[in-house]
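Pasted below: model.pdb, PDB, C-alpha atoms and all ligand atoms.
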```pdb
ATOM      1  CA  GLU A  14       2.388  25.731 -10.826
ATOM      2  CA  GLN A  15      -0.930  27.074 -12.079
ATOM      3  CA  ASP A  16      -1.087  24.137 -14.446
ATOM      4  CA  VAL A  17      -0.699  21.642 -11.620
ATOM      5  CA  GLY A  18      -3.528  23.307  -9.756
ATOM      6  CA  GLU A  19      -5.863  23.231 -12.722
ATOM      7  CA  TYR A  20      -5.040  19.616 -13.363
ATOM      8  CA  GLN A  21      -5.673  18.662  -9.744
ATOM      9  CA  LYS A  22      -8.975  20.504  -9.917
ATOM     10  CA  SER A  23      -9.966  18.629 -13.059
ATOM     11  CA  LEU A  24      -9.303  15.370 -11.198
ATOM     12  CA  ALA A  25     -11.313  16.560  -8.156
ATOM     13  CA  ILE A  26      -8.195  16.136  -6.022
ATOM     14  CA  ARG A  27      -7.393  18.127  -2.905
ATOM     15  CA  VAL A  28      -3.890  17.962  -1.520
ATOM     16  CA  SER A  29      -2.204  19.236   1.597
ATOM     17  CA  GLY A  30       1.396  18.937   2.757
ATOM     18  CA  PHE A  31       4.842  20.282   1.943
ATOM     19  CA  ASP A  32       6.522  20.005  -1.465
ATOM     20  CA  VAL A  33       3.816  18.022  -3.183
ATOM     21  CA  PRO A  34       5.054  16.332  -6.371
ATOM     22  CA  ARG A  35       3.153  17.137  -9.569
ATOM     23  CA  PRO A  36       0.397  14.689 -10.440
ATOM     24  CA  ILE A  37       1.066  12.442 -13.419
ATOM     25  CA  LYS A  38      -1.184  12.142 -16.451
ATOM     26  CA  THR A  39      -0.052   8.788 -17.795
ATOM     27  CA  PHE A  40       1.626   5.701 -16.340
ATOM     28  CA  GLU A  41       4.664   6.483 -18.553
ATOM     29  CA  ASP A  42       5.105   9.708 -16.550
ATOM     30  CA  SER A  43       5.958   7.543 -13.515
ATOM     31  CA  GLY A  44       9.139   6.272 -15.111
ATOM     32  CA  PHE A  45       8.122   2.660 -14.496
ATOM     33  CA  SER A  46      10.364  -0.057 -15.908
ATOM     34  CA  LEU A  47       9.444  -1.768 -19.157
ATOM     35  CA  GLU A  48       8.609  -4.872 -17.130
ATOM     36  CA  LEU A  49       6.148  -2.999 -14.936
ATOM     37  CA  MET A  50       4.626  -1.159 -17.920
ATOM     38  CA  LYS A  51       3.992  -4.557 -19.513
ATOM     39  CA  ALA A  52       2.262  -5.804 -16.363
ATOM     40  CA  ILE A  53       0.112  -2.639 -16.332
ATOM     41  CA  SER A  54      -0.882  -3.060 -20.003
ATOM     42  CA  LYS A  55      -1.848  -6.649 -19.243
ATOM     43  CA  GLN A  56      -4.425  -5.285 -16.795
ATOM     44  CA  ALA A  57      -5.765  -3.061 -19.566
ATOM     45  CA  TYR A  58      -5.254  -0.005 -17.343
ATOM     46  CA  GLU A  59      -5.119   2.736 -19.977
ATOM     47  CA  LYS A  60      -4.455   5.660 -17.695
ATOM     48  CA  PRO A  61      -4.138   6.245 -13.972
ATOM     49  CA  THR A  62      -7.286   6.978 -11.964
ATOM     50  CA  PRO A  63      -7.377  10.361 -10.136
ATOM     51  CA  ILE A  64      -6.061   8.955  -6.842
ATOM     52  CA  GLN A  65      -3.297   7.167  -8.793
ATOM     53  CA  CYS A  66      -2.394  10.376 -10.700
ATOM     54  CA  GLN A  67      -1.574  12.134  -7.456
ATOM     55  CA  ALA A  68      -0.575   9.249  -5.159
ATOM     56  CA  LEU A  69       1.896   7.504  -7.482
ATOM     57  CA  PRO A  70       4.423  10.362  -7.735
ATOM     58  CA  ILE A  71       4.129  11.016  -3.989
ATOM     59  CA  VAL A  72       4.718   7.407  -3.003
ATOM     60  CA  LEU A  73       7.449   6.900  -5.617
ATOM     61  CA  SER A  74       9.276   9.909  -4.143
ATOM     62  CA  GLY A  75       9.397   8.056  -0.820
ATOM     63  CA  ARG A  76       6.958  10.288   1.038
ATOM     64  CA  ASP A  77       4.332   9.147   3.516
ATOM     65  CA  ILE A  78       0.757   9.538   2.348
ATOM     66  CA  ILE A  79      -2.798   9.654   3.629
ATOM     67  CA  GLY A  80      -5.053   8.699   0.720
ATOM     68  CA  ILE A  81      -8.742   9.320   1.142
ATOM     69  CA  ALA A  82     -10.980   8.119  -1.660
ATOM     70  CA  LYS A  83     -14.117   6.066  -1.952
ATOM     71  CA  THR A  84     -14.251   2.377  -2.810
ATOM     72  CA  GLY A  85     -13.518   1.533  -6.421
ATOM     73  CA  SER A  86     -11.216   4.484  -7.047
ATOM     74  CA  GLY A  87      -8.108   2.374  -7.672
ATOM     75  CA  LYS A  88      -6.278   2.670  -4.365
ATOM     76  CA  THR A  89      -4.749  -0.805  -4.571
ATOM     77  CA  ALA A  90      -2.557  -0.047  -7.586
ATOM     78  CA  ALA A  91      -1.623   3.283  -5.964
ATOM     79  CA  PHE A  92       0.310   1.356  -3.319
ATOM     80  CA  MET A  93       1.038  -1.855  -5.228
ATOM     81  CA  LEU A  94       2.935  -0.405  -8.205
ATOM     82  CA  PRO A  95       5.274   1.649  -5.956
ATOM     83  CA  VAL A  96       5.974  -1.290  -3.636
ATOM     84  CA  ILE A  97       7.289  -3.231  -6.630
ATOM     85  CA  VAL A  98       9.582  -0.296  -7.501
ATOM     86  CA  HIS A  99      10.595   0.026  -3.818
ATOM     87  CA  ILE A 100      11.599  -3.641  -3.666
ATOM     88  CA  MET A 101      13.439  -3.616  -7.003
ATOM     89  CA  ASP A 102      15.368  -0.542  -5.773
ATOM     90  CA  GLN A 103      16.784  -2.392  -2.768
ATOM     91  CA  PRO A 104      20.497  -3.042  -2.957
ATOM     92  CA  GLU A 105      21.266  -6.724  -3.528
ATOM     93  CA  LEU A 106      19.214  -8.348  -0.850
ATOM     94  CA  GLN A 107      21.151  -8.728   2.358
ATOM     95  CA  LYS A 108      21.282 -11.717   4.644
ATOM     96  CA  GLU A 109      18.202 -10.455   6.415
ATOM     97  CA  GLU A 110      14.887 -12.127   5.801
ATOM     98  CA  GLY A 111      11.253 -11.248   6.015
ATOM     99  CA  PRO A 112       8.987  -9.028   3.950
ATOM    100  CA  ILE A 113      10.044  -5.599   2.657
ATOM    101  CA  GLY A 114       6.453  -4.558   1.971
ATOM    102  CA  VAL A 115       3.835  -5.143   4.666
ATOM    103  CA  ILE A 116       0.224  -4.553   3.657
ATOM    104  CA  CYS A 117      -2.560  -4.727   6.250
ATOM    105  CA  ALA A 118      -6.245  -4.947   5.376
ATOM    106  CA  PRO A 119      -9.328  -5.392   7.588
ATOM    107  CA  THR A 120     -10.826  -8.665   6.313
ATOM    108  CA  ARG A 121      -9.653 -11.860   4.710
ATOM    109  CA  GLU A 122     -11.687 -11.109   1.585
ATOM    110  CA  LEU A 123      -9.977  -7.751   1.142
ATOM    111  CA  ALA A 124      -6.567  -9.186   1.955
ATOM    112  CA  HIS A 125      -7.154 -11.915  -0.606
ATOM    113  CA  GLN A 126      -8.116  -9.370  -3.301
ATOM    114  CA  ILE A 127      -4.975  -7.367  -2.566
ATOM    115  CA  TYR A 128      -2.939 -10.573  -2.633
ATOM    116  CA  LEU A 129      -4.261 -11.384  -6.124
ATOM    117  CA  GLU A 130      -3.490  -7.829  -7.283
ATOM    118  CA  ALA A 131       0.027  -8.121  -5.853
ATOM    119  CA  LYS A 132       0.646 -11.383  -7.688
ATOM    120  CA  LYS A 133      -0.209  -9.741 -11.023
ATOM    121  CA  PHE A 134       2.627  -7.247 -10.706
ATOM    122  CA  ALA A 135       5.090  -9.192  -8.549
ATOM    123  CA  LYS A 136       5.381 -12.370 -10.587
ATOM    124  CA  SER A 137       7.301 -10.975 -13.552
ATOM    125  CA  HIS A 138       9.773  -9.360 -11.132
ATOM    126  CA  GLY A 139      10.527 -12.517  -9.170
ATOM    127  CA  ILE A 140       8.969 -10.960  -6.082
ATOM    128  CA  ARG A 141       7.333 -13.417  -3.687
ATOM    129  CA  VAL A 142       3.987 -12.554  -2.081
ATOM    130  CA  ALA A 143       2.616 -14.268   1.024
ATOM    131  CA  ALA A 144      -0.984 -14.088   2.204
ATOM    132  CA  VAL A 145      -1.583 -14.143   5.943
ATOM    133  CA  TYR A 146      -5.185 -14.183   7.090
ATOM    134  CA  GLY A 147      -7.705 -16.339   8.906
ATOM    135  CA  GLY A 148      -9.404 -19.306   7.304
ATOM    136  CA  MET A 149      -6.157 -20.946   6.250
ATOM    137  CA  SER A 150      -4.133 -23.365   8.310
ATOM    138  CA  LYS A 151      -1.634 -21.587  10.555
ATOM    139  CA  LEU A 152       0.908 -24.318   9.885
ATOM    140  CA  ASP A 153       0.674 -23.795   6.097
ATOM    141  CA  GLN A 154       1.064 -20.046   6.540
ATOM    142  CA  PHE A 155       3.985 -20.593   8.892
ATOM    143  CA  LYS A 156       5.706 -22.734   6.243
ATOM    144  CA  GLU A 157       4.961 -20.259   3.453
ATOM    145  CA  LEU A 158       6.464 -17.417   5.481
ATOM    146  CA  LYS A 159       9.487 -19.488   6.442
ATOM    147  CA  ALA A 160      10.125 -20.124   2.737
ATOM    148  CA  GLY A 161      10.522 -16.354   2.366
ATOM    149  CA  CYS A 162       8.664 -13.458   0.774
ATOM    150  CA  GLU A 163       9.186  -9.827  -0.164
ATOM    151  CA  ILE A 164       5.555  -8.758   0.260
ATOM    152  CA  VAL A 165       3.114  -9.909   2.908
ATOM    153  CA  VAL A 166      -0.593  -9.119   2.672
ATOM    154  CA  ALA A 167      -2.256  -9.676   6.011
ATOM    155  CA  THR A 168      -5.113  -9.114   8.374
ATOM    156  CA  PRO A 169      -3.741  -7.624  11.612
ATOM    157  CA  GLY A 170      -4.781 -10.458  13.936
ATOM    158  CA  ARG A 171      -3.232 -13.253  11.917
ATOM    159  CA  LEU A 172      -0.068 -11.263  11.246
ATOM    160  CA  ILE A 173       0.385 -10.833  15.004
ATOM    161  CA  ASP A 174      -0.077 -14.605  15.446
ATOM    162  CA  MET A 175       2.629 -15.256  12.838
ATOM    163  CA  LEU A 176       4.985 -12.735  14.442
ATOM    164  CA  LYS A 177       4.476 -14.439  17.819
ATOM    165  CA  MET A 178       5.235 -17.806  16.212
ATOM    166  CA  LYS A 179       8.390 -16.264  14.731
ATOM    167  CA  ALA A 180       7.274 -17.237  11.234
ATOM    168  CA  LEU A 181       8.731 -13.937  10.022
ATOM    169  CA  THR A 182      10.728 -10.953  11.203
ATOM    170  CA  MET A 183      10.185  -7.303  10.339
ATOM    171  CA  LEU A 184      13.916  -6.574  10.023
ATOM    172  CA  ARG A 185      13.683  -5.882   6.277
ATOM    173  CA  ALA A 186      10.304  -4.147   6.360
ATOM    174  CA  THR A 187      10.558  -0.564   5.075
ATOM    175  CA  TYR A 188       7.178  -0.067   3.355
ATOM    176  CA  LEU A 189       3.988  -0.296   5.400
ATOM    177  CA  VAL A 190       0.472   0.046   3.998
ATOM    178  CA  LEU A 191      -2.628   0.343   6.153
ATOM    179  CA  ASP A 192      -5.502  -0.157   3.727
ATOM    180  CA  GLU A 193      -9.087   0.663   4.698
ATOM    181  CA  ALA A 194      -7.840   2.050   7.979
ATOM    182  CA  ASP A 195     -11.326   3.165   9.037
ATOM    183  CA  ARG A 196     -12.690  -0.363   8.716
ATOM    184  CA  MET A 197      -9.737  -1.812  10.618
ATOM    185  CA  PHE A 198     -10.647   0.533  13.475
ATOM    186  CA  ASP A 199     -14.353  -0.396  13.212
ATOM    187  CA  LEU A 200     -13.340  -4.043  13.577
ATOM    188  CA  GLY A 201     -11.332  -3.278  16.710
ATOM    189  CA  PHE A 202      -7.870  -3.809  15.224
ATOM    190  CA  GLU A 203      -6.318  -0.651  16.643
ATOM    191  CA  PRO A 204      -4.156  -2.501  19.248
ATOM    192  CA  GLN A 205      -2.941  -4.995  16.626
ATOM    193  CA  ILE A 206      -2.131  -2.204  14.187
ATOM    194  CA  ARG A 207      -0.179  -0.358  16.849
ATOM    195  CA  SER A 208       1.706  -3.520  17.753
ATOM    196  CA  ILE A 209       2.633  -4.182  14.092
ATOM    197  CA  VAL A 210       3.704  -0.581  13.512
ATOM    198  CA  GLY A 211       5.823  -0.763  16.670
ATOM    199  CA  GLN A 212       7.744  -3.707  15.228
ATOM    200  CA  ILE A 213       8.708  -1.902  12.016
ATOM    201  CA  ARG A 214      11.671   0.484  11.881
ATOM    202  CA  PRO A 215      10.665   4.126  12.320
ATOM    203  CA  ASP A 216      12.386   5.262   9.107
ATOM    204  CA  ARG A 217       9.960   3.168   7.054
ATOM    205  CA  GLN A 218       7.665   4.645   4.413
ATOM    206  CA  THR A 219       4.063   4.543   5.662
ATOM    207  CA  LEU A 220       0.911   4.725   3.555
ATOM    208  CA  LEU A 221      -2.560   5.010   5.039
ATOM    209  CA  PHE A 222      -5.660   4.633   2.887
ATOM    210  CA  SER A 223      -9.200   5.121   4.065
ATOM    211  CA  ALA A 224     -12.631   5.964   2.740
ATOM    212  CA  THR A 225     -13.294   8.218   5.755
ATOM    213  CA  MET A 226     -11.095   9.824   8.417
ATOM    214  CA  PRO A 227     -12.728   9.506  11.851
ATOM    215  CA  ARG A 228     -10.899  11.233  14.698
ATOM    216  CA  LYS A 229      -9.287   8.007  15.970
ATOM    217  CA  VAL A 230      -7.777   7.255  12.573
ATOM    218  CA  GLU A 231      -6.615  10.857  12.294
ATOM    219  CA  LYS A 232      -4.857  10.490  15.653
ATOM    220  CA  LEU A 233      -3.106   7.283  14.605
ATOM    221  CA  ALA A 234      -2.019   8.888  11.337
ATOM    222  CA  ARG A 235      -0.490  11.820  13.244
ATOM    223  CA  GLU A 236       1.426   9.378  15.417
ATOM    224  CA  ILE A 237       2.788   6.964  12.843
ATOM    225  CA  LEU A 238       3.283   8.964   9.636
ATOM    226  CA  THR A 239       6.149  11.377   8.990
ATOM    227  CA  ASP A 240       5.391  14.630   7.127
ATOM    228  CA  PRO A 241       2.578  12.958   5.198
ATOM    229  CA  ILE A 242       0.918  14.413   2.152
ATOM    230  CA  ARG A 243      -2.831  14.134   2.309
ATOM    231  CA  VAL A 244      -4.690  13.409  -0.903
ATOM    232  CA  THR A 245      -8.462  13.542  -0.946
ATOM    233  CA  VAL A 246     -10.434  12.580  -4.029
ATOM    234  CA  GLY A 247     -14.044  13.525  -4.575
ATOM    235  CA  GLU A 248     -16.612  14.327  -1.924
ATOM    236  CA  VAL A 249     -15.325  12.075   0.856
ATOM    237  CA  GLY A 250     -13.112  13.016   3.803
TER
HETATM  238  P1  LIG B 301     -10.304   0.767  -4.143
HETATM  239  O1  LIG B 301      -9.250   0.060  -3.354
HETATM  240  O2  LIG B 301     -10.072   2.243  -4.202
HETATM  241  O3  LIG B 301     -11.682   0.418  -3.694
HETATM  242  P2  LIG B 301      -9.451  -0.945  -6.281
HETATM  243  O4  LIG B 301      -8.000  -0.752  -6.168
HETATM  244  O5  LIG B 301     -10.012  -2.210  -5.733
HETATM  245  O6  LIG B 301     -10.241   0.289  -5.658
HETATM  246  O7  LIG B 301      -9.844  -0.792  -7.824
HETATM  247  C1  LIG B 301     -11.169  -0.887  -8.274
HETATM  248  C2  LIG B 301     -11.199  -1.498  -9.672
HETATM  249  O8  LIG B 301     -10.602  -0.613 -10.615
HETATM  250  C3  LIG B 301     -10.432  -2.791  -9.767
HETATM  251  O9  LIG B 301     -11.189  -3.701 -10.550
HETATM  252  C4  LIG B 301      -9.159  -2.422 -10.478
HETATM  253  O10 LIG B 301      -8.626  -3.493 -11.210
HETATM  254  C5  LIG B 301      -9.615  -1.294 -11.380
HETATM  255  N1  LIG B 301      -8.536  -0.325 -11.701
HETATM  256  C6  LIG B 301      -7.575   0.135 -10.877
HETATM  257  N2  LIG B 301      -6.795   1.034 -11.488
HETATM  258  C7  LIG B 301      -7.276   1.171 -12.740
HETATM  259  C8  LIG B 301      -6.902   1.966 -13.889
HETATM  260  N3  LIG B 301      -5.877   2.799 -13.837
HETATM  261  N4  LIG B 301      -7.631   1.846 -15.018
HETATM  262  C9  LIG B 301      -8.680   0.999 -15.060
HETATM  263  N5  LIG B 301      -9.093   0.213 -14.039
HETATM  264  C10 LIG B 301      -8.405   0.301 -12.876
HETATM  265 MG    MG B 302      -9.214  -0.998  -1.634
END
```

Rewrite the coordinates I just gave you, this time as structure tokens.
Ligand code: ADP
Ligand code: MG
Amino acid sequence: EQDVGEYQKSLAIRVSGFDVPRPIKTFEDSGFSLELMKAISKQAYEKPTPIQCQALPIVLSGRDIIGIAKTGSGKTAAFMLPVIVHIMDQPELQKEEGPIGVICAPTRELAHQIYLEAKKFAKSHGIRVAAVYGGMSKLDQFKELKAGCEIVVATPGRLIDMLKMKALTMLRATYLVLDEADRMFDLGFEPQIRSIVGQIRPDRQTLLFSATMPRKVEKLAREILTDPIRVTVGEVG
């Protein structure tokens, strides 16, 4: 117990919530498959960053999380590695279609970066990733979604468009990530986010990442997360 505390302190991590899993020190501690460990080594990630040390065991245990850490701290892998595990853990995929992991980001540039990161880990697992954001033809995106995917990386506005066009359903979605939540609010996406969340089953796992936690984001988090653990790294928050 004491040891966990000291370790968290050394990582400049603050945590609140019930039954917080111990932070990991190495990627091996996560119990990742050989396949995923290979994909991690390919990225030359030697050890998890502080947010990853604490977020990975929380997310892998199925808990909801609020992750607050500044840009460049490695938040993407903190939700991307567990979504691969989450998808591989699904019982033989039912008749249902549509993404299992839904990742929302504020801008097309960010969504594209996350998409590229997803591809790095998804490919070797046969997991299909679809990118849904402005600047690409809606017809092409419609076709890509119709072909099927397990992960969708999207900006809120375009994802709503695709849902309206019935390019995808959220029937299989059980893992929702809201990345850069503060920026999504700054860009006025709150109604779209609420609409998307409302279309995903309430027993989903929800992850919210943000560099700051303004009151409006705090309120949304209270409404859409279940018993979340809050992890703050460094000075922010
Ligand atoms: P954030 O979303 O917190 O701004 P990113 O997920 O974009 O940060 O990561 C920032 C950079 O750090 C990326 O170039 C990413 O590839 C790299 N990175 C992530 N995790 C690790 C790690 N464990 N070891 C080394 N580099 C990492
Ligand atoms: Mg990020």

Which residues form the shell of 9 Å around ligand LIG 301 (chain B) when you count only C-alpha atoms and all ligand atoms, given as a PyMOL selection string? chain A and resi 40+53+56-66+81-91+123+126-127+130+192-193+222-224

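Of the residues listed (A:Pro119, A:Gly44, A:Leu189, A:Leu172), A:Pro119 shows the shortest atom-to-atom separation from Gly201 (chain A); distances use all atoms listed in the file.
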
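This file, filtered with the PyMOL selection byres (((chain A and resi 70) around 10) and not hetatm), gives the residues A:Val33, A:Pro34, A:Arg35, A:Pro36, A:Ile37, A:Asp42, A:Ser43, A:Gly44, A:Gln65, A:Cys66, A:Gln67, A:Ala68, A:Leu69, A:Ile71, A:Val72, A:Leu73, A:Ser74, A:Gly75, A:Arg76, A:Ala91, A:Pro95.
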
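Among the candidates A:Glu231, A:Glu203, A:Glu110, A:Asp195, the one nearest to Ile164 (chain A) when counting all atoms listed in the file is A:Glu110.
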
Smallest atom-to-atom distance to Leu200 (chain A): which of A:Leu176, A:Ala118, A:Met226, A:Val142, using all atoms listed in the file? A:Ala118

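Rounded to one decimal, CA of Lys156 (chain A) and atom MG of ligand MG 302 (chain B) lie 27.5 Å from each other.
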
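Atom to atom, CA of Arg185 (chain A) and CA of Leu220 (chain A) stand 16.8 Å apart.
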
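The residues returned by the PyMOL selection byres (((chain A and resi 157-162) around 8) and not hetatm) on the shown structure are A:Glu110, A:Gly111, A:Pro112, A:Ile140, A:Arg141, A:Val142, A:Ala143, A:Asp153, A:Gln154, A:Phe155, A:Lys156, A:Glu163, A:Ile164, A:Val165, A:Ala180, A:Leu181.
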
Let me have the centre and edge lengths of the axis-aligned box enclosing all listed atoms of region 117-122 of chain A with 6 Å padding on every side, in Å to one decimal, as JSON.
```
{"center_x": -7.1, "center_y": -8.3, "center_z": 4.6, "size_x": 21.1, "size_y": 19.1, "size_z": 18.0}
```

Long-range neighbours of Ile242 (chain A) as an mmCIF file with C-alpha atoms, keeping the file's coordinate frame, 9 Å cut-off, all atoms listed in the file, 5 positions minimum in chain:
```cif
data_model
loop_
_atom_site.group_PDB
_atom_site.id
_atom_site.type_symbol
_atom_site.label_atom_id
_atom_site.label_comp_id
_atom_site.auth_asym_id
_atom_site.auth_seq_id
_atom_site.Cartn_x
_atom_site.Cartn_y
_atom_site.Cartn_z
ATOM 1 C CA VAL A 28 -3.890 17.962 -1.520
ATOM 2 C CA SER A 29 -2.204 19.236 1.597
ATOM 3 C CA GLY A 30 1.396 18.937 2.757
ATOM 4 C CA PHE A 31 4.842 20.282 1.943
ATOM 5 C CA ASP A 32 6.522 20.005 -1.465
ATOM 6 C CA VAL A 33 3.816 18.022 -3.183
ATOM 7 C CA ILE A 71 4.129 11.016 -3.989
ATOM 8 C CA ARG A 76 6.958 10.288 1.038
ATOM 9 C CA ASP A 77 4.332 9.147 3.516
ATOM 10 C CA ILE A 78 0.757 9.538 2.348
ATOM 11 C CA ILE A 79 -2.798 9.654 3.629
ATOM 12 C CA GLY A 80 -5.053 8.699 0.720
#
```

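Among the candidates A:Met149, A:Leu238, A:Ala135, A:Ala124, the one nearest to ligand MG 302 (chain B) when counting all atoms listed in the file is A:Ala124.
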
Expressed in Å, the length from CA of Ser208 (chain A) to CA of Leu221 (chain A) is 15.9 Å

Considering all atoms listed in the file, return as a ChimeraX atom specification whatever protein or nucleic-acid residues lie within 10 Å of His125 (chain A), sequence-local ones (same chain, fewer than 3 positions apart) excluded. /A:118,120-122,128-131,144-146,166-168

I need the residues from that last selection saved to file as a PDB file, keeping the file's coordinate frame (with C-alpha atoms), if you can.
```pdb
ATOM      1  CA  ALA A 118      -6.245  -4.947   5.376  1.00  0.00           C
ATOM      2  CA  THR A 120     -10.826  -8.665   6.313  1.00  0.00           C
ATOM      3  CA  ARG A 121      -9.653 -11.860   4.710  1.00  0.00           C
ATOM      4  CA  GLU A 122     -11.687 -11.109   1.585  1.00  0.00           C
ATOM      5  CA  TYR A 128      -2.939 -10.573  -2.633  1.00  0.00           C
ATOM      6  CA  LEU A 129      -4.261 -11.384  -6.124  1.00  0.00           C
ATOM      7  CA  GLU A 130      -3.490  -7.829  -7.283  1.00  0.00           C
ATOM      8  CA  ALA A 131       0.027  -8.121  -5.853  1.00  0.00           C
ATOM      9  CA  ALA A 144      -0.984 -14.088   2.204  1.00  0.00           C
ATOM     10  CA  VAL A 145      -1.583 -14.143   5.943  1.00  0.00           C
ATOM     11  CA  TYR A 146      -5.185 -14.183   7.090  1.00  0.00           C
ATOM     12  CA  VAL A 166      -0.593  -9.119   2.672  1.00  0.00           C
ATOM     13  CA  ALA A 167      -2.256  -9.676   6.011  1.00  0.00           C
ATOM     14  CA  THR A 168      -5.113  -9.114   8.374  1.00  0.00           C
TER      15      THR A 168
END
```

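You can rank A:Val96, A:Gln205, A:Gly114, A:Ser137 by their closest distance to Met50 (chain A) using all atoms listed in the file, and at the top of that list sits A:Ser137.
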
Please provide the set of residues having any atom within 10 Å of Gln212 (chain A), restricted to all atoms listed in the file, with same-chain residues fewer than 5 positions apart removed, written as number ranges by chain. A: 176, 182-184, 186, 207

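Nearest residue to ligand MG 302 (chain B) among A:Leu191, A:Val244, A:Ile206, A:Ile237 is A:Leu191, counting all atoms listed in the file.
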
Any chance you could build region 23-41 of chain A out to N, CA and C atoms and write it as a PDB file, in the coordinates of the input?
```
ATOM      1  N   SER A  23      -9.243  19.427 -12.066  1.00  0.00           N
ATOM      2  CA  SER A  23      -9.966  18.629 -13.059  1.00  0.00           C
ATOM      3  C   SER A  23     -10.116  17.175 -12.585  1.00  0.00           C
ATOM      4  N   LEU A  24      -9.216  16.740 -11.718  1.00  0.00           N
ATOM      5  CA  LEU A  24      -9.303  15.370 -11.198  1.00  0.00           C
ATOM      6  C   LEU A  24     -10.109  15.314  -9.894  1.00  0.00           C
ATOM      7  N   ALA A  25     -10.598  16.460  -9.445  1.00  0.00           N
ATOM      8  CA  ALA A  25     -11.313  16.560  -8.156  1.00  0.00           C
ATOM      9  C   ALA A  25     -10.430  16.115  -6.998  1.00  0.00           C
ATOM     10  N   ILE A  26      -9.159  16.494  -7.064  1.00  0.00           N
ATOM     11  CA  ILE A  26      -8.195  16.136  -6.022  1.00  0.00           C
ATOM     12  C   ILE A  26      -7.931  17.346  -5.140  1.00  0.00           C
ATOM     13  N   ARG A  27      -7.873  17.104  -3.828  1.00  0.00           N
ATOM     14  CA  ARG A  27      -7.393  18.127  -2.905  1.00  0.00           C
ATOM     15  C   ARG A  27      -6.165  17.586  -2.203  1.00  0.00           C
ATOM     16  N   VAL A  28      -5.154  18.422  -2.067  1.00  0.00           N
ATOM     17  CA  VAL A  28      -3.890  17.962  -1.520  1.00  0.00           C
ATOM     18  C   VAL A  28      -3.423  18.918  -0.443  1.00  0.00           C
ATOM     19  N   SER A  29      -2.876  18.365   0.647  1.00  0.00           N
ATOM     20  CA  SER A  29      -2.204  19.236   1.597  1.00  0.00           C
ATOM     21  C   SER A  29      -0.904  18.587   2.053  1.00  0.00           C
ATOM     22  N   GLY A  30       0.080  19.425   2.358  1.00  0.00           N
ATOM     23  CA  GLY A  30       1.396  18.937   2.757  1.00  0.00           C
ATOM     24  C   GLY A  30       2.468  19.761   2.088  1.00  0.00           C
ATOM     25  N   PHE A  31       3.719  19.529   2.490  1.00  0.00           N
ATOM     26  CA  PHE A  31       4.842  20.282   1.943  1.00  0.00           C
ATOM     27  C   PHE A  31       5.358  19.653   0.663  1.00  0.00           C
ATOM     28  N   ASP A  32       5.817  20.482  -0.281  1.00  0.00           N
ATOM     29  CA  ASP A  32       6.522  20.005  -1.465  1.00  0.00           C
ATOM     30  C   ASP A  32       5.810  18.842  -2.155  1.00  0.00           C
ATOM     31  N   VAL A  33       4.598  19.095  -2.557  1.00  0.00           N
ATOM     32  CA  VAL A  33       3.816  18.022  -3.183  1.00  0.00           C
ATOM     33  C   VAL A  33       4.278  17.812  -4.627  1.00  0.00           C
ATOM     34  N   PRO A  34       4.660  16.584  -4.983  1.00  0.00           N
ATOM     35  CA  PRO A  34       5.054  16.332  -6.371  1.00  0.00           C
ATOM     36  C   PRO A  34       3.883  16.550  -7.332  1.00  0.00           C
ATOM     37  N   ARG A  35       4.197  16.918  -8.560  1.00  0.00           N
ATOM     38  CA  ARG A  35       3.153  17.137  -9.569  1.00  0.00           C
ATOM     39  C   ARG A  35       2.418  15.838  -9.863  1.00  0.00           C
ATOM     40  N   PRO A  36       1.112  15.914 -10.048  1.00  0.00           N
ATOM     41  CA  PRO A  36       0.397  14.689 -10.440  1.00  0.00           C
ATOM     42  C   PRO A  36       0.808  14.255 -11.845  1.00  0.00           C
ATOM     43  N   ILE A  37       0.750  12.966 -12.088  1.00  0.00           N
ATOM     44  CA  ILE A  37       1.066  12.442 -13.419  1.00  0.00           C
ATOM     45  C   ILE A  37      -0.204  12.362 -14.254  1.00  0.00           C
ATOM     46  N   LYS A  38      -0.028  12.279 -15.564  1.00  0.00           N
ATOM     47  CA  LYS A  38      -1.184  12.142 -16.451  1.00  0.00           C
ATOM     48  C   LYS A  38      -1.258  10.755 -17.069  1.00  0.00           C
ATOM     49  N   THR A  39      -0.088  10.126 -17.203  1.00  0.00           N
ATOM     50  CA  THR A  39      -0.052   8.788 -17.795  1.00  0.00           C
ATOM     51  C   THR A  39       0.859   7.910 -16.933  1.00  0.00           C
ATOM     52  N   PHE A  40       0.735   6.604 -17.079  1.00  0.00           N
ATOM     53  CA  PHE A  40       1.626   5.701 -16.340  1.00  0.00           C
ATOM     54  C   PHE A  40       3.083   5.910 -16.772  1.00  0.00           C
ATOM     55  N   GLU A  41       3.300   6.237 -18.052  1.00  0.00           N
ATOM     56  CA  GLU A  41       4.664   6.483 -18.553  1.00  0.00           C
ATOM     57  C   GLU A  41       5.341   7.590 -17.744  1.00  0.00           C
TER      58      GLU A  41
END
```
